[in-house]
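Below: start13.pdb (PDB, C-alpha atoms)
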MODEL        1
ATOM      1  CA  MET A  20     198.825  86.243  40.965
ATOM      2  CA  LYS A  21     198.013  86.128  44.679
ATOM      3  CA  TYR A  22     200.178  84.711  47.450
ATOM      4  CA  ILE A  23     198.518  81.784  49.207
ATOM      5  CA  PRO A  24     200.183  80.597  52.425
ATOM      6  CA  PRO A  25     201.154  76.909  52.611
ATOM      7  CA  ILE A  26     199.192  74.529  54.836
ATOM      8  CA  ASN A  27     200.919  72.167  57.239
ATOM      9  CA  THR A  28     198.897  69.953  59.571
ATOM     10  CA  LYS A  29     199.325  66.512  61.075
ATOM     11  CA  ARG A  30     198.424  64.869  57.751
ATOM     12  CA  LEU A  31     198.786  67.603  55.131
ATOM     13  CA  SER A  32     201.737  69.526  53.816
ATOM     14  CA  ILE A  33     200.702  71.469  50.737
ATOM     15  CA  GLU A  34     201.341  74.553  48.679
ATOM     16  CA  LEU A  35     198.341  76.245  47.111
ATOM     17  CA  ALA A  36     198.212  77.871  43.686
ATOM     18  CA  GLU A  37     195.595  80.113  42.142
ATOM     19  CA  LEU A  38     193.172  78.575  39.629
ATOM     20  CA  ASP A  39     193.477  79.478  35.991
ATOM     21  CA  MET A  40     190.457  80.153  33.790
ATOM     22  CA  ASP A  41     190.491  76.685  32.150
ATOM     23  CA  ASP A  42     190.358  75.113  35.626
ATOM     24  CA  ILE A  43     187.364  77.281  36.475
ATOM     25  CA  GLN A  44     185.577  76.241  33.272
ATOM     26  CA  ASP A  45     186.246  72.547  34.054
ATOM     27  CA  LEU A  46     184.801  73.008  37.548
ATOM     28  CA  CYS A  47     181.699  74.736  36.173
ATOM     29  CA  GLU A  48     181.021  71.734  33.910
ATOM     30  CA  ILE A  49     180.578  69.340  36.855
ATOM     31  CA  PRO A  50     176.853  68.893  37.606
ATOM     32  CA  SER A  51     175.850  70.813  40.731
ATOM     33  CA  VAL A  52     174.633  67.667  42.552
ATOM     34  CA  PHE A  53     178.259  66.554  42.910
ATOM     35  CA  ASP A  54     179.659  68.840  45.621
ATOM     36  CA  GLN A  55     182.291  66.356  46.743
ATOM     37  CA  ARG A  56     183.408  65.515  43.207
ATOM     38  CA  THR A  57     183.747  69.243  42.579
ATOM     39  CA  ALA A  58     185.808  69.591  45.775
ATOM     40  CA  SER A  59     188.131  66.783  44.637
ATOM     41  CA  VAL A  60     188.692  68.371  41.238
ATOM     42  CA  LEU A  61     189.177  71.819  42.784
ATOM     43  CA  LEU A  62     191.699  70.490  45.301
ATOM     44  CA  SER A  63     193.586  68.560  42.639
ATOM     45  CA  ARG A  64     193.973  71.823  40.700
ATOM     46  CA  ILE A  65     194.999  74.127  43.571
ATOM     47  CA  ALA A  66     196.987  71.872  45.944
ATOM     48  CA  ARG A  67     200.553  70.692  45.397
ATOM     49  CA  SER A  68     201.807  68.288  48.045
ATOM     50  CA  SER A  69     205.256  68.606  49.488
ATOM     51  CA  ASP A  70     207.638  65.697  49.879
ATOM     52  CA  ARG A  71     207.157  65.543  53.650
ATOM     53  CA  PRO A  72     207.255  61.885  54.708
ATOM     54  CA  GLY A  73     203.881  60.626  55.863
ATOM     55  CA  ALA A  74     201.893  63.503  54.357
ATOM     56  CA  VAL A  75     198.678  62.436  52.615
ATOM     57  CA  THR A  76     198.888  63.670  49.038
ATOM     58  CA  ASP A  77     195.586  62.605  47.426
ATOM     59  CA  PRO A  78     192.697  65.006  48.222
ATOM     60  CA  ARG A  79     190.265  62.080  47.968
ATOM     61  CA  LEU A  80     192.037  60.581  51.014
ATOM     62  CA  TRP A  81     191.688  63.786  53.032
ATOM     63  CA  SER A  82     188.782  64.025  55.450
ATOM     64  CA  VAL A  83     185.838  66.170  54.422
ATOM     65  CA  ASN A  84     186.856  68.585  57.210
ATOM     66  CA  GLU A  85     190.429  68.801  55.882
ATOM     67  CA  ARG A  86     189.076  69.421  52.391
ATOM     68  CA  MET A  87     186.824  72.237  53.656
ATOM     69  CA  TYR A  88     189.734  73.745  55.593
ATOM     70  CA  VAL A  89     191.978  73.780  52.504
ATOM     71  CA  ILE A  90     189.211  75.267  50.346
ATOM     72  CA  GLY A  91     188.444  77.873  53.032
ATOM     73  CA  SER A  92     192.142  78.741  53.312
ATOM     74  CA  TYR A  93     192.304  79.141  49.534
ATOM     75  CA  MET A  94     189.264  81.423  49.643
ATOM     76  CA  ALA A  95     190.758  83.423  52.523
ATOM     77  CA  ALA A  96     193.795  84.172  50.371
ATOM     78  CA  THR A  97     192.039  84.811  47.059
ATOM     79  CA  ARG A  98     188.764  86.572  47.865
ATOM     80  CA  ASP A  99     188.630  90.346  47.870
ATOM     81  CA  ASP A 100     186.785  90.237  51.206
ATOM     82  CA  GLY A 101     189.265  87.791  52.787
ATOM     83  CA  PRO A 102     191.025  86.617  54.817
ATOM     84  CA  ASP A 103     188.116  86.471  57.276
ATOM     85  CA  PHE A 104     185.441  86.370  54.583
ATOM     86  CA  PRO A 105     181.720  86.158  55.396
ATOM     87  CA  LEU A 106     180.418  82.612  55.763
ATOM     88  CA  GLY A 107     176.802  81.927  56.688
ATOM     89  CA  GLU A 108     175.882  84.090  59.653
ATOM     90  CA  GLY A 109     179.534  84.565  60.618
ATOM     91  CA  HIS A 110     183.012  84.586  59.157
ATOM     92  CA  PHE A 111     185.619  81.978  58.211
ATOM     93  CA  SER A 112     187.404  82.306  61.562
ATOM     94  CA  ASP A 113     184.199  81.366  63.407
ATOM     95  CA  TYR A 114     184.482  77.843  61.967
ATOM     96  CA  LEU A 115     188.126  77.198  62.812
ATOM     97  CA  LEU A 116     188.908  75.049  65.833
ATOM     98  CA  LEU A 117     192.145  76.493  67.110
ATOM     99  CA  ASN A 118     194.778  74.162  68.561
ATOM    100  CA  THR A 119     193.106  71.082  67.099
ATOM    101  CA  ASP A 120     194.073  68.698  64.345
ATOM    102  CA  TYR A 121     192.888  65.567  62.629
ATOM    103  CA  PRO A 122     191.561  62.835  64.946
ATOM    104  CA  ASP A 123     192.496  59.409  63.560
ATOM    105  CA  GLN A 124     189.532  57.840  65.305
ATOM    106  CA  VAL A 125     187.219  58.379  68.227
ATOM    107  CA  GLU A 126     186.002  55.500  70.408
ATOM    108  CA  PHE A 127     182.564  55.736  71.990
ATOM    109  CA  GLU A 128     180.047  53.514  73.730
ATOM    110  CA  HIS A 129     176.563  52.846  72.376
ATOM    111  CA  GLU A 130     174.160  50.350  73.905
ATOM    112  CA  GLY A 131     177.033  48.615  75.717
ATOM    113  CA  ASN A 132     179.161  48.260  72.578
ATOM    114  CA  THR A 133     182.472  49.980  71.918
ATOM    115  CA  LEU A 134     182.307  51.635  68.515
ATOM    116  CA  ILE A 135     184.873  53.547  66.505
ATOM    117  CA  TYR A 136     184.192  56.674  64.486
ATOM    118  CA  THR A 137     186.670  57.671  61.784
ATOM    119  CA  PRO A 138     186.408  60.903  59.792
ATOM    120  CA  LEU A 139     184.531  60.812  56.482
ATOM    121  CA  LEU A 140     187.086  60.846  53.676
ATOM    122  CA  GLY A 141     186.685  62.489  50.286
ATOM    123  CA  TYR A 142     186.291  59.297  48.261
ATOM    124  CA  GLN A 143     183.659  58.046  50.728
ATOM    125  CA  ALA A 144     181.682  61.282  50.446
ATOM    126  CA  GLU A 145     181.920  61.152  46.647
ATOM    127  CA  ILE A 146     180.616  57.573  46.546
ATOM    128  CA  ILE A 147     177.727  58.359  48.911
ATOM    129  CA  GLU A 148     176.904  61.434  46.838
ATOM    130  CA  THR A 149     176.886  59.332  43.652
ATOM    131  CA  LEU A 150     174.671  56.628  45.184
ATOM    132  CA  ILE A 151     172.134  59.318  46.023
ATOM    133  CA  ALA A 152     172.441  61.221  42.732
ATOM    134  CA  ASP A 153     172.061  58.087  40.602
ATOM    135  CA  GLY A 154     168.904  57.045  42.451
ATOM    136  CA  THR A 155     170.263  54.058  44.378
ATOM    137  CA  TYR A 156     169.015  55.884  47.474
ATOM    138  CA  LYS A 157     166.479  58.668  47.829
ATOM    139  CA  LYS A 158     167.676  62.262  47.771
ATOM    140  CA  THR A 159     167.209  62.804  51.508
ATOM    141  CA  ALA A 160     169.342  63.652  54.509
ATOM    142  CA  TYR A 161     168.471  60.174  55.836
ATOM    143  CA  SER A 162     170.182  58.578  52.831
ATOM    144  CA  TRP A 163     173.261  60.739  53.377
ATOM    145  CA  TRP A 164     173.407  59.868  57.087
ATOM    146  CA  CYS A 165     173.013  56.145  56.401
ATOM    147  CA  GLY A 166     175.946  56.305  54.003
ATOM    148  CA  ALA A 167     178.087  58.365  56.365
ATOM    149  CA  ILE A 168     177.374  56.085  59.333
ATOM    150  CA  ALA A 169     178.115  52.991  57.232
ATOM    151  CA  ALA A 170     181.400  54.534  56.067
ATOM    152  CA  CYS A 171     182.585  55.962  59.387
ATOM    153  CA  VAL A 172     181.212  53.900  62.280
ATOM    154  CA  ARG A 173     182.224  50.331  63.042
ATOM    155  CA  GLY A 174     182.564  48.005  65.970
ATOM    156  CA  SER A 175     185.901  48.077  67.777
ATOM    157  CA  ASP A 176     186.555  44.498  66.627
ATOM    158  CA  GLU A 177     185.570  45.150  62.983
ATOM    159  CA  VAL A 178     188.102  45.797  60.255
ATOM    160  CA  PRO A 179     187.456  49.061  58.362
ATOM    161  CA  LEU A 180     186.265  48.738  54.777
ATOM    162  CA  ALA A 181     189.346  48.681  52.582
ATOM    163  CA  TYR A 182     189.575  51.025  49.626
ATOM    164  CA  VAL A 183     190.956  49.483  46.445
ATOM    165  CA  ASP A 184     188.836  51.296  43.884
ATOM    166  CA  ASP A 185     185.502  53.123  43.771
ATOM    167  CA  GLY A 186     183.536  50.148  42.415
ATOM    168  CA  SER A 187     184.565  47.609  45.035
ATOM    169  CA  TYR A 188     184.253  50.153  47.846
ATOM    170  CA  GLU A 189     180.774  51.144  46.656
ATOM    171  CA  LYS A 190     179.661  47.496  46.655
ATOM    172  CA  ALA A 191     180.967  46.924  50.205
ATOM    173  CA  LEU A 192     179.461  50.220  51.396
ATOM    174  CA  ILE A 193     176.028  49.290  50.017
ATOM    175  CA  GLU A 194     176.153  46.114  52.130
ATOM    176  CA  ARG A 195     176.992  48.153  55.247
ATOM    177  CA  ILE A 196     174.290  50.714  54.434
ATOM    178  CA  ALA A 197     171.730  47.879  54.347
ATOM    179  CA  GLY A 198     172.630  47.075  57.964
ATOM    180  CA  VAL A 199     172.350  50.707  59.040
ATOM    181  CA  ARG A 200     168.925  51.013  57.397
ATOM    182  CA  LYS A 201     167.679  48.025  59.427
ATOM    183  CA  LEU A 202     168.454  49.721  62.752
ATOM    184  CA  LYS A 203     165.522  50.616  64.961
ATOM    185  CA  ASP A 204     164.775  54.317  65.385
ATOM    186  CA  SER A 205     166.273  54.474  68.890
ATOM    187  CA  GLN A 206     169.450  52.703  67.719
ATOM    188  CA  PHE A 207     169.882  55.005  64.734
TER     189      PHE A 207
ENDMDL
END

Translate this file's structure into structure tokens.
Amino acid sequence: MKYIPPINTKRLSIELAELDMDDIQDLCEIPSVFDQRTASVLLSRIARSSDRPGAVTDPRLWSVNERMYVIGSYMAATRDDGPDFPLGEGHFSDYLLLNTDYPDQVEFEHEGNTLIYTPLLGYQAEIIETLIADGTYKKTAYSWWCGAIAACVRGSDEVPLAYVDDGSYEKALIERIAGVRKLKDSQF
């Protein structure tokens, strides 16, 4: 069994444990089109949240960036070529933003309007992925971006879409996606 250092950030406080072979088999059974679903299952198997007050415990409520960081940290501790394992044209450390942490939201101006960007969360990415995989939207980067913009960008006076369950969130997201798809090219 390998030692995996704990992770403590602004929102996360977790211990990581090595996968067992049954976990690996379960992960391999998830269809390959569902990257984010696979990430959620993986994280639910390797991450154990601490009792730190205010820490976010559900990996589906972590941002996609937080999820990638936890998975990368797990890989850094468990791979034979870790901790600075090869990744793309570089190494894991090339993708880390030192001295930074989770931004709750970022305000920006676009065409005279104040907009708010919030990080894409795991459940949002899973729902977008499912809408594309099931054929609701075409399997294109455009479809992904429409979903991500609808999930993460809103007017400063708009209330964020509330998450109660996947079905109701998906329905509300589809309505927002329709608005994004009607934008003119220069607005998009």

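The nearest approach to A:Lys21 among the residues A:Leu38, A:Arg71, A:Tyr182, A:Gly166, with only C-alpha atoms taken into account, belongs to A:Leu38.
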
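Contact shell of A:Val125 at 12 Å (all atoms listed in the file; same-chain neighbours under 5 positions omitted): A:Thr133, A:Leu134, A:Ile135, A:Tyr136, A:Thr137, A:Pro138, A:Cys171, A:Val172, A:Arg173, A:Gly174, A:Ser175.
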
Residues returned when the PyMOL selection byres ((chain A and resi 59) around 12) runs on this file, as number ranges by chain: A: 46, 49, 53-58, 60-66, 77-83, 85-87, 89-90, 140-145

Find the residues around A:Thr97 up to 12 Å (all atoms listed in the file counted), leave out those fewer than 6 positions away in its own chain, and share them as an mmCIF file with C-alpha atoms, keeping the file's coordinate frame.
data_model
loop_
_atom_site.group_PDB
_atom_site.id
_atom_site.type_symbol
_atom_site.label_atom_id
_atom_site.label_comp_id
_atom_site.auth_asym_id
_atom_site.auth_seq_id
_atom_site.Cartn_x
_atom_site.Cartn_y
_atom_site.Cartn_z
ATOM 1 C CA MET A 20 198.825 86.243 40.965
ATOM 2 C CA LYS A 21 198.013 86.128 44.679
ATOM 3 C CA TYR A 22 200.178 84.711 47.450
ATOM 4 C CA ILE A 23 198.518 81.784 49.207
ATOM 5 C CA PRO A 24 200.183 80.597 52.425
ATOM 6 C CA LEU A 35 198.341 76.245 47.111
ATOM 7 C CA ALA A 36 198.212 77.871 43.686
ATOM 8 C CA GLU A 37 195.595 80.113 42.142
ATOM 9 C CA LEU A 38 193.172 78.575 39.629
ATOM 10 C CA ILE A 65 194.999 74.127 43.571
ATOM 11 C CA ILE A 90 189.211 75.267 50.346
ATOM 12 C CA GLY A 91 188.444 77.873 53.032
ATOM 13 C CA ASP A 103 188.116 86.471 57.276
ATOM 14 C CA PHE A 104 185.441 86.370 54.583
#

For atom CA of A:Ser32 and atom CA of A:Gly107, the interatomic separation in Å (one decimal): 28.0 Å

A:Ser68: which residues within 8 Å, counting only C-alpha atoms, same-chain residues fewer than 2 positions away excluded, as a list in words?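 Listed by chain and then number, they are Leu31, Ser32, Ile33, Glu34, Ala66, Asp70, Ala74 and Thr76 of chain A.
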
Can you pull out every residue within 12 Å of A:Ser112, counting all atoms listed in the file, but drop anything in the same chain fewer than 4 positions away, and send it as a PyMOL selection string? chain A and resi 88+91-92+95+101-108+116-117

Ranking A:Leu139, A:Met94, A:Met40, A:Ile146 by minimum distance to A:Ser187 and counting all atoms listed in the file, which one comes first? A:Ile146

In Å to one decimal, how far is atom CA of A:Ile26 from atom CA of A:Asp100? 20.3 Å

Neighbouring residues of A:Ala197 were defined as those with any atom within 12 Å, considering only C-alpha atoms; residues of the same chain fewer than 5 positions away were excluded. Please report them as a PyMOL selection string. chain A and resi 155-156+162+165-166+168-170+190-192+202

Pick from A:Glu177, A:Phe207, A:Pro122, A:Pro72, whichever lies nearest to A:Trp164 using only C-alpha atoms: A:Phe207

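Pairwise distance (atom CA of A:Tyr161, atom CA of A:Asp176) equals 26.3 Å.
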
I need the residue nearest A:Ala152 from this list: A:Asp39, A:Val52, A:Arg98, A:Lys203. Use all atoms listed in the file for the distance.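 The answer is A:Val52, which sits nearest to A:Ala152.
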